[in-house]
Amino acid sequence: MLVDLDLTEVPPPPLRPSMIPAAISAHESDLWIADRELPLVVHLDADRRVREYTVPGQIFDTPPADRTRSVWAHADGCWVGGWDGIFHCTRGGTVEAITDTPIRDGAAHAQTLLAVAVPERGTAELILARPGQDPVTHGPEPWGDLESMTTCEGGFVLLFRRRDPSTGALGAARLVRVDLHAAVTVGPPLETAMMSYRPFLTGLPPTIVDGTTAYRILDDLTLAQPNSLPDHVLGGGQIGDLLWIVGHPPDGSGRGQWWPLPGPAVYPADHHQYWLFTRLDPVTWEPIASIPIRSPRPDVTIDGAGTVWVTAAGVHSLPHQHMNPPELLDVAELLDRSRLR
């Protein structure tokens with residue numbers, strides 16, 4: 001069989017948007033957003049005026065991850081860190097390369113950034129950075145793979161877990177605390193096995209969430225008795241008083257029935273897949289409000305006015321009202337308009 005194809009009428013492929021938001025961080029009314037592939041960071045002020053930054057990093061073509069870089073905003077600027085190192089952007093428009101060491105994750109305590117590099121599988125190197133100062137490093141240490149990290153009073157808490165390099169079987173986990181002067185306290189191997197694929201930490205008080213179980217972290221970096229959650233959660237975190245989880249929308253047939261919802265809910269009438277972003281009371285862990293979002297692993301931040309922002313098929317602000325749809329902030333359009341001026 002012969003097929004005659006006329007390609008003259010085939011339309012060109014769609015142009016890539018000027019920005020594909022992947023990471024976001026807020027400080028007061030400032031928003032800082034990093035692109036998924038390009039070494040591009042955008043700063044939006046309270047009036048949504050745009051300042052564009054190009055960090056001296058790489059272009060990642062169709063990366064196999066939701067984020068290639070993360071951002072951590074503070075009063076005078078923003079840290080940028082990821083697969084191609086750490087950079088610092090100031091509100092005045094300058095960019096400084098701090099290190100080209102690839103980092104796995106990071107967390108910021110005001111202007112102080114703690115980043116974790118992985119020189120080889122199962123090891124971790126700590127990098128503590130402050131604006132205008134040389135970074136302080138520690139390690140590498142054979143603590144295992146970094147699972148999660150968060151800020152806590154006076155510093156940071158990190159969760160590591162060992163994996164068998166040949167089989168991937170999960171091994172012992174341990175906690176590490178780092179203060180703001182880079183002093184490191186290493187906890188003992190945890191007697192409780194972390195069983196979920198992606199356990200995560202919250203900060204007030206420091207807690208490990210592992211699937212359907214929450215463990216409060218004690219001062220000696222061991223764990224208190226577990227508390228059960230009504231159902232399995234996929235991920236979550238905490239920023240100040242914002243405690244949040246993400247999970248599959250319940251259908252009433254699982255262990256938690258409709259939790260974290262009070263009952264059946266209506267989802268947007270389109271063909272997209274949705275996950276539930278739920279704010280929890282930071283003291284009681286009771287659900288406050290759930291919002292449908294289009295990502296199981298959003299980047300999350302909260303601004304000075306208490307608005308929660310996520311990257312989930314774009315940048316969205318989340319309403320306070322239960323099950324109301326998020327509101328899109330079209331960063332690419334704002335960037336395009338700024339480039340025309």
# chains A, B, ... in the order shown; residues from 1 in each chain; ligands from 1
$ residues_around --residues "Leu223 in chain A" --least-positions-apart "3" --cutoff "10 Å" --atoms "only C-alpha atoms" --output "MDAnalysis selection string"
chainID A and resid 175 190:192 207:208 214:220 226
$ write_last_selection --atoms "all heavy atoms" --output "mmCIF file, in the first residue's frame"
data_model
loop_
_atom_site.group_PDB
_atom_site.id
_atom_site.type_symbol
_atom_site.label_atom_id
_atom_site.label_comp_id
_atom_site.auth_asym_id
_atom_site.auth_seq_id
_atom_site.Cartn_x
_atom_site.Cartn_y
_atom_site.Cartn_z
ATOM 1 N N LEU A 175 17.178 10.587 61.807
ATOM 2 C CA LEU A 175 16.956 12.021 61.755
ATOM 3 C C LEU A 175 18.254 12.762 62.032
ATOM 4 O O LEU A 175 19.090 12.301 62.822
ATOM 5 C CB LEU A 175 15.896 12.433 62.777
ATOM 6 C CG LEU A 175 14.468 11.947 62.473
ATOM 7 C CD1 LEU A 175 13.632 11.920 63.739
ATOM 8 C CD2 LEU A 175 13.824 12.843 61.424
ATOM 9 N N LEU A 190 16.254 4.829 63.632
ATOM 10 C CA LEU A 190 14.909 4.780 64.185
ATOM 11 C C LEU A 190 14.430 3.338 64.280
ATOM 12 O O LEU A 190 14.581 2.560 63.338
ATOM 13 C CB LEU A 190 13.952 5.609 63.322
ATOM 14 C CG LEU A 190 14.286 7.099 63.207
ATOM 15 C CD1 LEU A 190 13.299 7.790 62.267
ATOM 16 C CD2 LEU A 190 14.271 7.764 64.580
ATOM 17 N N GLU A 191 13.854 3.013 65.429
ATOM 18 C CA GLU A 191 13.354 1.653 65.622
ATOM 19 C C GLU A 191 12.109 1.389 64.795
ATOM 20 O O GLU A 191 11.804 0.252 64.448
ATOM 21 C CB GLU A 191 13.065 1.409 67.106
ATOM 22 C CG GLU A 191 14.307 1.494 67.987
ATOM 23 C CD GLU A 191 13.987 1.257 69.448
ATOM 24 O OE1 GLU A 191 12.792 1.041 69.754
ATOM 25 O OE2 GLU A 191 14.916 1.293 70.275
ATOM 26 N N THR A 192 11.392 2.464 64.485
ATOM 27 C CA THR A 192 10.179 2.328 63.674
ATOM 28 C C THR A 192 10.555 2.412 62.205
ATOM 29 O O THR A 192 11.195 3.360 61.763
ATOM 30 C CB THR A 192 9.179 3.445 64.006
ATOM 31 O OG1 THR A 192 8.858 3.373 65.388
ATOM 32 C CG2 THR A 192 7.915 3.298 63.171
ATOM 33 N N THR A 207 7.437 16.546 63.063
ATOM 34 C CA THR A 207 6.666 15.302 62.967
ATOM 35 C C THR A 207 6.993 14.617 61.650
ATOM 36 O O THR A 207 7.183 15.289 60.636
ATOM 37 C CB THR A 207 5.152 15.606 63.030
ATOM 38 O OG1 THR A 207 4.856 16.268 64.268
ATOM 39 C CG2 THR A 207 4.318 14.336 62.928
ATOM 40 N N ILE A 208 7.072 13.275 61.681
ATOM 41 C CA ILE A 208 7.175 12.489 60.457
ATOM 42 C C ILE A 208 5.782 11.978 60.109
ATOM 43 O O ILE A 208 5.094 11.401 60.960
ATOM 44 C CB ILE A 208 8.122 11.285 60.628
ATOM 45 C CG1 ILE A 208 9.538 11.740 60.953
ATOM 46 C CG2 ILE A 208 8.126 10.429 59.354
ATOM 47 C CD1 ILE A 208 10.487 10.584 61.253
ATOM 48 N N ALA A 214 1.486 9.270 61.900
ATOM 49 C CA ALA A 214 2.272 10.453 62.221
ATOM 50 C C ALA A 214 3.045 10.192 63.511
ATOM 51 O O ALA A 214 2.494 9.694 64.497
ATOM 52 C CB ALA A 214 1.370 11.680 62.379
ATOM 53 N N TYR A 215 4.336 10.529 63.495
ATOM 54 C CA TYR A 215 5.211 10.334 64.645
ATOM 55 C C TYR A 215 5.803 11.677 65.044
ATOM 56 O O TYR A 215 6.504 12.305 64.241
ATOM 57 C CB TYR A 215 6.374 9.392 64.311
ATOM 58 C CG TYR A 215 5.986 8.023 63.808
ATOM 59 C CD1 TYR A 215 5.790 7.800 62.444
ATOM 60 C CD2 TYR A 215 5.853 6.945 64.679
ATOM 61 C CE1 TYR A 215 5.467 6.533 61.973
ATOM 62 C CE2 TYR A 215 5.531 5.675 64.217
ATOM 63 C CZ TYR A 215 5.332 5.487 62.858
ATOM 64 O OH TYR A 215 5.009 4.241 62.382
ATOM 65 N N ARG A 216 5.550 12.110 66.280
ATOM 66 C CA ARG A 216 6.179 13.335 66.757
ATOM 67 C C ARG A 216 7.643 13.054 67.072
ATOM 68 O O ARG A 216 7.988 12.021 67.648
ATOM 69 C CB ARG A 216 5.447 13.873 67.984
ATOM 70 C CG ARG A 216 5.966 15.231 68.466
ATOM 71 C CD ARG A 216 5.023 15.833 69.494
ATOM 72 N NE ARG A 216 4.851 14.966 70.643
ATOM 73 C CZ ARG A 216 5.692 14.938 71.688
ATOM 74 N NH1 ARG A 216 6.754 15.737 71.698
ATOM 75 N NH2 ARG A 216 5.460 14.143 72.707
ATOM 76 N N ILE A 217 8.520 13.988 66.670
ATOM 77 C CA ILE A 217 9.953 13.835 66.865
ATOM 78 C C ILE A 217 10.335 14.396 68.232
ATOM 79 O O ILE A 217 10.009 15.545 68.563
ATOM 80 C CB ILE A 217 10.731 14.552 65.750
ATOM 81 C CG1 ILE A 217 10.368 13.948 64.389
ATOM 82 C CG2 ILE A 217 12.231 14.475 65.994
ATOM 83 C CD1 ILE A 217 10.916 14.732 63.209
ATOM 84 N N LEU A 218 11.036 13.604 69.036
ATOM 85 C CA LEU A 218 11.466 14.013 70.366
ATOM 86 C C LEU A 218 12.807 14.748 70.291
ATOM 87 O O LEU A 218 13.500 14.720 69.265
ATOM 88 C CB LEU A 218 11.565 12.795 71.278
ATOM 89 C CG LEU A 218 10.278 11.971 71.411
ATOM 90 C CD1 LEU A 218 10.511 10.744 72.288
ATOM 91 C CD2 LEU A 218 9.137 12.829 71.971
ATOM 92 N N ASP A 219 13.186 15.396 71.397
ATOM 93 C CA ASP A 219 14.408 16.199 71.399
ATOM 94 C C ASP A 219 15.649 15.377 71.098
ATOM 95 O O ASP A 219 16.633 15.906 70.553
ATOM 96 C CB ASP A 219 14.568 16.897 72.760
ATOM 97 C CG ASP A 219 13.554 18.015 72.955
ATOM 98 O OD1 ASP A 219 12.979 18.471 71.945
ATOM 99 O OD2 ASP A 219 13.335 18.434 74.108
ATOM 100 N N ASP A 220 15.644 14.082 71.459
ATOM 101 C CA ASP A 220 16.818 13.248 71.198
ATOM 102 C C ASP A 220 16.774 12.607 69.811
ATOM 103 O O ASP A 220 17.537 11.681 69.523
ATOM 104 C CB ASP A 220 16.962 12.163 72.276
ATOM 105 C CG ASP A 220 15.770 11.208 72.324
ATOM 106 O OD1 ASP A 220 14.804 11.408 71.551
ATOM 107 O OD2 ASP A 220 15.809 10.265 73.138
ATOM 108 N N PRO A 226 3.118 6.412 67.853
ATOM 109 C CA PRO A 226 2.465 6.872 66.624
ATOM 110 C C PRO A 226 1.023 7.304 66.840
ATOM 111 O O PRO A 226 0.338 6.820 67.745
ATOM 112 C CB PRO A 226 2.539 5.640 65.716
ATOM 113 C CG PRO A 226 2.590 4.480 66.667
ATOM 114 C CD PRO A 226 3.377 4.961 67.840
#
$ closest_residue --among "A:Asp164, A:Glu52, A:Asp76, A:Asp231" --to "Ala332 in chain A" --atoms "only C-alpha atoms"
A:Glu52
$ closest_residue --among "A:Cys152, A:Asp303, A:Ala108, A:Ser166" --to "Asp45 in chain A" --atoms "only C-alpha atoms"
A:Asp303
$ residues_around --residues "Trp143 in chain A" --least-positions-apart "2" --cutoff "8 Å" --atoms "only C-alpha atoms" --output "ChimeraX atom specification"
/A:122-124,141,145,160-162,174
$ closest_residue --among "A:Leu126, A:Ala75, A:Ala34, A:Leu180" --to "Thr90 in chain A" --atoms "only C-alpha atoms"
A:Ala75
$ residues_around --residues "Asp299 in chain A" --least-positions-apart "4" --cutoff "7 Å" --atoms "only C-alpha atoms" --output "list of chain:residue names"
A:Ala23, A:Ile24, A:Val310, A:Thr311
$ residues_around --residues "Leu38 in chain A" --least-positions-apart "2" --cutoff "10 Å" --atoms "only C-alpha atoms" --output "JSON, numbers by chain"
{"A": [18, 19, 20, 34, 35, 36, 40, 41, 54, 55, 57, 58, 59, 60, 61, 68, 69]}
$ write_last_selection --atoms "all heavy atoms" --output "compact mmCIF listing (two decimals), in the first residue's frame"
# COMPACT_ATOMS: atom_id res chain seq x y z
N SER A 18 6.41 31.19 27.43
CA SER A 18 7.63 31.86 27.89
C SER A 18 8.06 31.38 29.26
O SER A 18 9.24 31.48 29.62
CB SER A 18 7.43 33.38 27.90
OG SER A 18 6.32 33.72 28.73
N MET A 19 7.11 30.86 30.04
CA MET A 19 7.45 30.29 31.34
C MET A 19 6.54 29.12 31.63
O MET A 19 5.32 29.20 31.44
CB MET A 19 7.37 31.32 32.46
CG MET A 19 7.33 30.70 33.86
SD MET A 19 7.79 31.81 35.19
CE MET A 19 9.53 31.47 35.36
N ILE A 20 7.13 28.02 32.11
CA ILE A 20 6.38 26.88 32.64
C ILE A 20 6.68 26.83 34.13
O ILE A 20 7.73 26.32 34.56
CB ILE A 20 6.77 25.57 31.95
CG1 ILE A 20 6.51 25.66 30.45
CG2 ILE A 20 6.01 24.39 32.55
CD1 ILE A 20 6.95 24.43 29.68
N ALA A 34 10.16 29.80 39.54
CA ALA A 34 11.21 29.24 38.70
C ALA A 34 10.59 28.38 37.60
O ALA A 34 9.60 27.68 37.82
CB ALA A 34 12.19 28.41 39.52
N ASP A 35 11.20 28.44 36.41
CA ASP A 35 10.75 27.65 35.27
C ASP A 35 11.17 26.19 35.45
O ASP A 35 12.15 25.87 36.13
CB ASP A 35 11.37 28.22 33.99
CG ASP A 35 10.76 27.62 32.74
OD1 ASP A 35 11.26 26.58 32.26
OD2 ASP A 35 9.77 28.19 32.25
N ARG A 36 10.41 25.30 34.80
CA ARG A 36 10.70 23.87 34.90
C ARG A 36 11.94 23.47 34.13
O ARG A 36 12.67 22.56 34.53
CB ARG A 36 9.49 23.06 34.40
CG ARG A 36 9.66 21.56 34.50
CD ARG A 36 8.35 20.85 34.23
NE ARG A 36 8.50 19.40 34.35
CZ ARG A 36 8.63 18.57 33.32
NH1 ARG A 36 8.62 19.06 32.08
NH2 ARG A 36 8.77 17.28 33.51
N LEU A 40 15.44 30.27 34.32
CA LEU A 40 14.64 31.50 34.35
C LEU A 40 13.88 31.59 35.67
O LEU A 40 13.21 30.64 36.07
CB LEU A 40 13.66 31.50 33.18
CG LEU A 40 12.59 32.60 33.16
CD1 LEU A 40 13.23 33.97 32.97
CD2 LEU A 40 11.57 32.32 32.05
N VAL A 41 13.99 32.75 36.31
CA VAL A 41 13.26 33.04 37.55
C VAL A 41 12.54 34.37 37.36
O VAL A 41 13.11 35.32 36.81
CB VAL A 41 14.21 33.10 38.76
CG1 VAL A 41 13.45 33.50 40.03
CG2 VAL A 41 14.90 31.76 38.96
N THR A 54 17.88 35.61 34.76
CA THR A 54 18.46 34.43 34.14
C THR A 54 19.63 33.98 34.99
O THR A 54 20.63 34.71 35.11
CB THR A 54 18.93 34.72 32.71
OG1 THR A 54 17.81 35.16 31.92
CG2 THR A 54 19.50 33.45 32.07
N VAL A 55 19.50 32.83 35.63
CA VAL A 55 20.60 32.32 36.45
C VAL A 55 21.59 31.60 35.52
O VAL A 55 21.19 31.05 34.48
CB VAL A 55 20.10 31.38 37.56
CG1 VAL A 55 19.13 32.11 38.48
CG2 VAL A 55 19.45 30.13 36.99
N GLY A 57 22.78 28.88 34.74
CA GLY A 57 22.64 27.44 34.85
C GLY A 57 22.33 26.80 33.52
O GLY A 57 22.54 27.38 32.45
N GLN A 58 21.81 25.59 33.57
CA GLN A 58 21.58 24.78 32.38
C GLN A 58 20.13 24.87 31.92
O GLN A 58 19.24 25.29 32.66
CB GLN A 58 21.92 23.32 32.68
CG GLN A 58 23.33 23.07 33.16
CD GLN A 58 23.56 21.62 33.53
OE1 GLN A 58 22.99 20.72 32.92
NE2 GLN A 58 24.39 21.37 34.51
N ILE A 59 19.92 24.43 30.67
CA ILE A 59 18.57 24.17 30.15
C ILE A 59 18.33 22.67 30.26
O ILE A 59 19.15 21.87 29.80
CB ILE A 59 18.45 24.63 28.69
CG1 ILE A 59 18.60 26.15 28.60
CG2 ILE A 59 17.11 24.20 28.11
CD1 ILE A 59 18.64 26.67 27.18
N PHE A 60 17.23 22.29 30.89
CA PHE A 60 16.88 20.88 31.04
C PHE A 60 15.71 20.57 30.10
O PHE A 60 14.58 20.99 30.35
CB PHE A 60 16.50 20.58 32.49
CG PHE A 60 17.62 20.85 33.46
CD1 PHE A 60 17.59 21.97 34.28
CD2 PHE A 60 18.71 20.01 33.54
CE1 PHE A 60 18.62 22.24 35.18
CE2 PHE A 60 19.75 20.26 34.44
CZ PHE A 60 19.70 21.38 35.25
N ASP A 61 16.00 19.85 29.04
CA ASP A 61 14.99 19.56 28.02
C ASP A 61 14.14 18.38 28.46
O ASP A 61 14.65 17.28 28.68
CB ASP A 61 15.69 19.26 26.69
CG ASP A 61 14.70 19.12 25.55
OD1 ASP A 61 13.58 19.67 25.65
OD2 ASP A 61 15.04 18.45 24.56
N THR A 68 13.18 21.04 38.47
CA THR A 68 14.63 20.94 38.35
C THR A 68 15.33 21.92 39.28
O THR A 68 16.50 21.76 39.57
CB THR A 68 15.08 21.21 36.91
OG1 THR A 68 14.58 22.50 36.50
CG2 THR A 68 14.52 20.14 35.96
N ARG A 69 14.60 22.93 39.72
CA ARG A 69 15.11 23.90 40.69
C ARG A 69 13.99 24.25 41.67
O ARG A 69 12.81 24.17 41.33
CB ARG A 69 15.59 25.19 40.01
CG ARG A 69 16.72 25.00 39.01
CD ARG A 69 17.10 26.32 38.33
NE ARG A 69 18.09 26.09 37.29
CZ ARG A 69 17.80 25.80 36.03
NH1 ARG A 69 16.52 25.72 35.64
NH2 ARG A 69 18.76 25.60 35.16
$ atom_distance --atom1 "CA of Val50 in chain A" --atom2 "CA of Gln238 in chain A"
27.7 Å
$ atom_distance --atom1 "CA of Gly187 in chain A" --atom2 "CA of Trp244 in chain A"
26.1 Å
$ select_by_dssp --residues "range 45-155 of chain A" --states "strand (DSSP E)" --output "ChimeraX atom specification"
/A:50-54,69-74,77-82,85-90,95-99,103-109,112-117,124-129,136-141,145-152,155
$ closest_residue --among "A:Ala269, A:Ala129, A:Asp47, A:Pro63" --to "Ile86 in chain A" --atoms "only C-alpha atoms"
A:Ala129
